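So this block is data.txt, compact mmCIF, C-alpha atoms:
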```txt
# COMPACT_ATOMS: atom_id res chain seq x y z
CA SER G 1 -29.04 -26.71 17.96
CA LEU G 2 -28.47 -23.27 16.47
CA LYS G 3 -26.14 -22.31 13.62
CA LEU G 4 -23.90 -19.33 14.35
CA ASN G 5 -21.83 -17.27 11.95
CA LEU G 6 -18.69 -15.42 13.01
CA TYR G 7 -18.17 -12.20 11.05
CA GLU G 8 -14.92 -10.25 10.93
CA PHE G 9 -14.81 -6.53 10.19
CA ALA G 10 -12.05 -5.30 7.89
CA GLY G 11 -12.01 -1.89 6.23
CA GLY G 12 -15.63 -1.20 7.09
CA THR G 13 -17.01 -4.45 5.64
CA ALA G 14 -17.85 -7.74 7.36
CA SER G 15 -17.35 -11.26 6.05
CA VAL G 16 -18.02 -14.71 7.51
CA VAL G 17 -14.79 -16.31 8.71
CA ALA G 18 -16.19 -19.28 10.64
CA THR G 19 -19.39 -21.11 11.52
CA ASP G 20 -20.37 -23.36 14.40
CA THR G 21 -23.48 -24.96 15.81
CA MET G 22 -24.60 -24.13 19.32
CA VAL G 23 -25.34 -27.41 21.07
CA GLY G 24 -26.50 -27.45 24.67
CA GLY G 25 -25.92 -23.71 24.82
CA LYS G 26 -22.23 -24.03 23.90
CA PHE G 27 -20.21 -23.02 20.84
CA ARG G 28 -16.55 -22.49 19.99
CA PHE G 29 -14.60 -20.61 17.32
CA GLU G 30 -10.86 -20.81 16.67
CA VAL G 31 -9.73 -18.31 14.06
CA ASP G 32 -6.37 -17.24 12.67
CA SER G 33 -6.83 -13.67 11.51
CA ASP G 34 -4.64 -11.86 8.98
CA ILE G 35 -5.55 -8.49 10.53
CA ASP G 36 -2.88 -7.12 12.83
CA GLU G 37 -4.74 -4.29 14.52
CA THR G 38 -7.54 -4.53 17.06
CA HIS G 39 -10.86 -4.98 15.28
CA ARG G 40 -14.43 -6.19 15.72
CA MET G 41 -16.01 -9.59 15.25
CA ILE G 42 -19.71 -10.44 15.45
CA VAL G 43 -21.47 -13.68 16.33
CA SER G 44 -24.82 -13.72 14.60
CA ASN G 45 -27.96 -15.65 13.77
CA ILE G 46 -30.44 -13.12 12.43
CA ASN G 47 -33.36 -15.55 12.62
CA VAL G 48 -33.40 -15.48 16.42
CA ALA G 49 -32.31 -11.86 16.92
CA LEU G 50 -28.85 -12.99 18.06
CA ASP G 51 -26.23 -10.46 17.07
CA PHE G 52 -23.42 -9.41 19.42
CA GLU G 53 -20.00 -8.00 18.76
CA PHE G 54 -16.69 -8.02 20.59
CA TRP G 55 -13.13 -6.83 20.06
CA VAL G 56 -10.24 -9.07 19.05
CA GLU G 57 -6.54 -8.82 18.26
CA LYS G 58 -3.60 -11.16 17.81
CA GLY G 59 -3.45 -13.61 20.73
CA ALA G 60 -6.95 -12.77 21.96
CA ASN G 61 -8.55 -15.25 24.35
CA ILE G 62 -12.28 -14.66 24.75
CA GLU G 63 -14.93 -16.49 26.75
CA ILE G 64 -18.62 -15.67 26.31
CA SER G 65 -21.30 -16.83 28.73
CA GLY G 66 -24.89 -15.84 29.36
CA GLU G 67 -28.47 -16.85 29.96
CA GLY G 68 -30.30 -17.88 26.81
CA LEU G 69 -30.06 -15.42 23.91
CA ASP G 70 -30.73 -12.22 25.88
CA LEU G 71 -27.80 -9.97 24.97
CA SER G 72 -28.17 -7.93 28.16
CA LYS G 73 -27.15 -11.03 30.14
CA LEU G 74 -24.01 -11.76 28.16
CA ASN G 75 -20.70 -11.80 30.00
CA ILE G 76 -17.57 -11.48 27.88
CA LYS G 77 -14.21 -12.26 29.47
CA SER G 78 -11.37 -11.00 27.32
CA ASN G 79 -7.69 -10.08 27.41
CA VAL G 80 -8.30 -7.32 24.84
CA SER G 81 -8.23 -3.85 26.43
CA ALA G 82 -10.78 -2.43 23.97
CA GLN G 83 -13.31 -4.92 25.32
CA GLU G 84 -13.03 -3.31 28.75
CA THR G 85 -14.00 -0.01 27.15
CA GLU G 86 -16.93 -1.67 25.42
CA LYS G 87 -17.99 -3.19 28.74
CA ARG G 88 -18.47 0.27 30.23
CA PHE G 89 -20.83 1.23 27.41
CA ILE G 90 -22.74 -2.04 27.80
CA GLU G 91 -23.09 -1.64 31.57
CA ALA G 92 -24.52 1.85 31.09
CA THR G 93 -27.21 0.62 28.68
CA ARG G 94 -27.91 -2.93 29.86
CA THR G 95 -31.60 -2.20 30.57
CA GLU G 96 -32.11 -0.78 27.07
CA ILE G 97 -30.29 -3.73 25.48
CA SER G 98 -32.73 -6.10 27.21
CA GLN G 99 -35.76 -4.04 26.19
CA LYS G 100 -34.67 -3.86 22.56
CA TYR G 101 -33.97 -7.60 22.48
CA LEU G 102 -37.58 -8.32 23.46
CA PHE G 103 -38.84 -6.16 20.59
CA GLU G 104 -36.39 -7.75 18.14
CA THR G 105 -37.53 -11.28 18.98
CA GLU G 106 -40.96 -10.29 17.63
CA TYR G 107 -39.83 -7.84 14.95
CA ILE G 108 -37.42 -10.06 13.00
CA PRO G 109 -39.67 -13.13 12.57
CA LEU G 110 -42.60 -10.85 11.76
CA ARG G 111 -40.69 -9.12 8.98
CA MET G 112 -39.63 -12.44 7.52
CA LYS G 113 -43.20 -13.75 7.62
CA TYR G 114 -44.61 -10.53 6.13
CA TYR G 115 -43.25 -11.34 2.66
CA GLU G 116 -44.89 -14.77 2.73
CA VAL G 117 -48.40 -13.53 3.57
CA THR G 118 -50.82 -13.04 0.68
CA SER G 119 -53.90 -11.73 2.48
CA PRO G 120 -54.12 -7.89 2.18
CA GLU G 121 -55.85 -7.60 5.55
CA GLU G 122 -53.22 -9.69 7.31
CA LYS G 123 -50.44 -7.77 5.57
CA THR G 124 -51.89 -4.48 6.81
CA LEU G 125 -52.06 -5.72 10.40
CA MET G 126 -48.50 -7.05 10.21
CA ARG G 127 -47.19 -3.86 8.62
CA ASN G 128 -48.75 -1.74 11.36
CA ARG G 129 -47.23 -3.92 14.05
CA ILE G 130 -43.83 -3.82 12.35
CA MET G 131 -43.98 -0.02 12.33
CA GLU G 132 -44.95 0.05 16.01
CA LEU G 133 -42.01 -2.20 16.91
CA GLN G 134 -39.62 -0.12 14.80
CA MET G 135 -40.73 3.07 16.54
CA SER G 136 -40.26 1.44 19.94
CA MET G 137 -36.73 0.32 19.02
CA ASP G 138 -35.90 3.77 17.63
CA SER G 139 -37.04 5.29 20.92
CA ILE G 140 -34.75 2.93 22.82
CA ASP G 141 -31.86 3.88 20.54
CA GLY G 142 -32.48 7.51 21.45
CA VAL G 143 -32.24 6.70 25.15
CA VAL G 144 -28.99 4.80 24.52
CA VAL G 145 -27.50 7.80 22.70
CA ASN G 146 -28.25 10.07 25.66
CA LYS G 147 -26.81 7.58 28.15
CA ILE G 148 -23.49 7.04 26.39
CA LYS G 149 -22.84 10.71 25.55
CA PRO G 150 -21.45 11.61 29.03
CA LEU G 151 -19.09 8.63 28.91
CA PHE G 152 -16.98 9.88 26.02
CA GLU G 153 -15.19 12.63 27.93
CA THR G 154 -14.52 10.36 30.93
CA MET G 155 -12.81 7.59 28.95
CA LYS G 156 -9.47 7.26 27.22
CA PRO G 157 -9.92 7.15 23.43
CA ASP G 158 -9.37 3.74 21.87
CA VAL G 159 -10.90 1.77 18.97
CA SER G 160 -14.02 0.78 20.93
CA TRP G 161 -14.54 4.33 22.18
CA LEU G 162 -14.10 5.63 18.62
CA ASN G 163 -16.55 3.11 17.18
CA ARG G 164 -19.20 4.32 19.61
CA LEU G 165 -18.35 7.96 18.90
CA VAL G 166 -18.74 7.44 15.15
CA THR G 167 -22.16 5.84 15.71
CA PHE G 168 -23.12 8.85 17.84
CA ALA G 169 -21.88 11.20 15.10
CA GLN G 170 -23.76 9.32 12.37
CA ASN G 171 -26.94 9.60 14.42
CA ALA G 172 -26.42 13.36 14.81
CA GLU G 173 -25.76 13.64 11.07
CA SER G 174 -28.91 11.71 10.12
CA GLU G 175 -30.96 13.85 12.52
CA LYS G 176 -29.25 16.98 11.12
CA ASP G 177 -28.36 17.85 14.72
CA THR G 178 -25.27 20.01 14.26
CA SER G 179 -25.49 21.13 17.90
CA GLU G 180 -23.55 17.98 18.80
CA TYR G 181 -20.65 18.80 16.47
CA ALA G 182 -18.81 20.98 19.00
CA MET G 183 -18.66 18.06 21.44
CA LEU G 184 -17.65 15.70 18.66
CA ARG G 185 -14.82 18.01 17.55
CA THR G 186 -13.58 18.27 21.13
CA GLN G 187 -13.45 14.49 21.41
CA TYR G 188 -11.82 14.17 17.98
CA GLU G 189 -8.96 16.43 19.08
CA ARG G 190 -8.32 14.08 22.04
CA MET G 191 -7.52 11.25 19.63
CA ASP G 192 -3.97 10.31 18.67
CA GLU G 193 -2.85 10.27 15.04
CA CYS G 194 -3.27 6.51 14.78
CA LEU G 195 -6.96 6.75 15.64
CA LYS G 196 -7.46 9.78 13.39
CA SER G 197 -5.96 7.97 10.41
CA SER G 198 -8.08 4.83 10.95
CA THR G 199 -11.19 4.10 8.88
CA ASN G 200 -13.45 5.25 11.71
CA GLY G 201 -11.27 8.28 12.35
CA ARG G 202 -11.67 9.38 8.74
CA ARG G 203 -15.41 8.70 8.92
CA LEU G 204 -15.71 10.95 11.96
CA ALA G 205 -13.63 13.72 10.36
CA ASN G 206 -15.82 13.69 7.25
CA ILE G 207 -18.90 14.22 9.41
CA ILE G 208 -17.65 16.98 11.71
CA TYR G 209 -15.34 18.64 9.18
CA PRO G 210 -17.30 18.14 5.93
CA PRO G 211 -15.43 19.00 2.73
CA GLN G 212 -16.31 22.42 1.40
CA ILE G 213 -17.78 22.69 -2.09
CA ILE G 214 -16.09 25.37 -4.17
CA LYS G 215 -18.54 27.40 -6.22
CA VAL G 216 -17.94 29.50 -9.32
CA GLY G 217 -16.52 32.84 -8.25
CA ASP G 218 -15.01 31.62 -4.96
CA VAL G 219 -11.43 32.67 -4.25
CA VAL G 220 -9.18 29.68 -3.54
CA PRO G 221 -5.58 29.74 -2.28
CA ASP G 222 -2.75 28.95 -4.65
CA ILE G 223 -1.34 25.47 -4.07
CA GLU G 224 1.44 23.32 -5.47
CA LEU G 225 0.92 19.84 -6.87
CA THR G 226 3.49 17.32 -8.04
CA ASP G 227 2.73 15.09 -11.04
CA THR G 228 3.86 11.48 -11.50
CA ALA G 229 7.05 12.67 -13.22
CA GLY G 230 8.03 14.81 -10.27
CA ASN G 231 7.23 18.15 -11.92
CA VAL G 232 5.73 20.83 -9.68
CA HIS G 233 2.67 22.72 -10.89
CA ARG G 234 0.92 25.67 -9.28
CA LEU G 235 -2.84 26.19 -9.33
CA GLN G 236 -2.46 29.72 -10.72
CA GLU G 237 -0.89 28.27 -13.85
```
Take the structure in this file and express it as C-alpha cells.
Amino acid sequence: SLKLNLYEFAGGTASVVATDTMVGGKFRFEVDSDIDETHRMIVSNINVALDFEFWVEKGANIEISGEGLDLSKLNIKSNVSAQETEKRFIEATRTEISQKYLFETEYIPLRMKYYEVTSPEEKTLMRNRIMELQMSMDSIDGVVVNKIKPLFETMKPDVSWLNRLVTFAQNAESEKDTSEYAMLRTQYERMDECLKSSTNGRRLANIIYPPQIIKVGDVVPDIELTDTAGNVHRLQE
C-alpha cells in the first residue's frame, strides 16, 4: 500500500485536500472544490518520486491509469479541455519524463538518507552522487525546454498552455536569457484578457515587462490619482 496526497493549487499555493491509500495499484479521490475556474491538482508521494499534476474544473471526471509509478507511462482520461493541451506537452517530452523519473528514484531517497549519515567519508560520496544526479536532471530539463518551445505558437492559449509558458519564462529569467523575451512577448499578446489577468498571466507580465525603477533626476509624466474621499490629486502638486 502507498499513501497518496491530493494537492489543490489556488492563488499560486498548494494545499492537501484529500488523501487515499493505493492498494493493488488503485486509488480514488472524490473532491468538492470551492474554486470555480480551471486549475491544477497534484497527486504526490515524495518518498517514491511520485508527483504528477492534472487539470480540473467543476464537473471534472478524470481517470488515471499507468504501469507502476513511471510518470511517462501515465494515461489521463479527462473531460477537461486544458488536459488535452497538457497531453500534447507530455507526448512531446515522454522520453525525458521517463529518464528523469529514473534519476529521481535514486535522488530522492539518497537526499533523505544523506541527513541521517554520520560518517564524513560516506557523506562526501553521497553528496557527490547527489550533485551528479542533479546535473543530469538539470540537463534533461534543458532538453524539455527546447522541445516544448516550438509548441507554444502552434497551440491555442489556455491555462495549461500559460502554465507551461510561465515555467519557460521563469527558466529564461533565472538563466538571464533575455533573448527569449521577444518570443514570450509575442505569445503574451496572443492571450485574452482573462488569461492576462490571471495569477500566471501577471507572473508572465512581470518577467517580460519588468517594472522600471525611477531614479533621482528621471523625468516622469504627470498623472492623476484619486484618494479614498474621491478627491483628485496630480503628481505635479
Pro210 in chain G surroundings by all atoms listed in the file, 12 Å radius, close-in-sequence under 6 positions cut, as a PyMOL selection string: chain G and resi 173+178+181+185+202-204
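One finds CA of Ile208 in chain G at 26.5 Å from CA of Glu224 in chain G.
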Proximity to Asn128 in chain G - best of G:Ala82, G:Leu4, G:Leu110, G:Met155, all atoms listed in the file: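 With all atoms listed in the file as the atom set, the closest residue is G:Leu110.
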Two-atom distance - CA of Asn5 in chain G, CA of Glu30 in chain G (Å):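 Separating CA of Asn5 in chain G from CA of Glu30 in chain G is a distance of 12.5 Å.
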Pick from G:Lys113, G:Arg164, G:Lys26, G:Lys196, whichever lies nearest to Asn47 in chain G using only C-alpha atoms: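 The shortest atom-to-atom distance to Asn47 in chain G comes from G:Lys113.
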Residue neighbourhood Glu37 in chain G, 9 Å, all atoms listed in the file, exclusion window fewer than 4 positions, as a VMD selection string: chain G and resid 56 to 58
Atomic separation - CA of Glu132 in chain G relative to CA of Ser44 in chain G, Å: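 That distance, rounded to one decimal, is 24.4 Å.
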Surrounding residues of Ile97 in chain G excluding itself and chain neighbours under 2 positions, 12 Å, all atoms listed in the file, as number ranges by chain: G: 49-52, 69-74, 89-95, 99-104, 137, 140-141, 143-144
Minimum-distance residue to Lys149 in chain G, chosen among G:Glu180, G:Glu63, G:Glu175, G:Asp36 (using all atoms listed in the file):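 The closest residue to Lys149 in chain G is G:Glu180.
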Long-range neighbours of Lys123 in chain G as a PyMOL selection string, 12 Å cut-off, all atoms listed in the file, 6 positions minimum in chain: chain G and resi 110-117+129-130
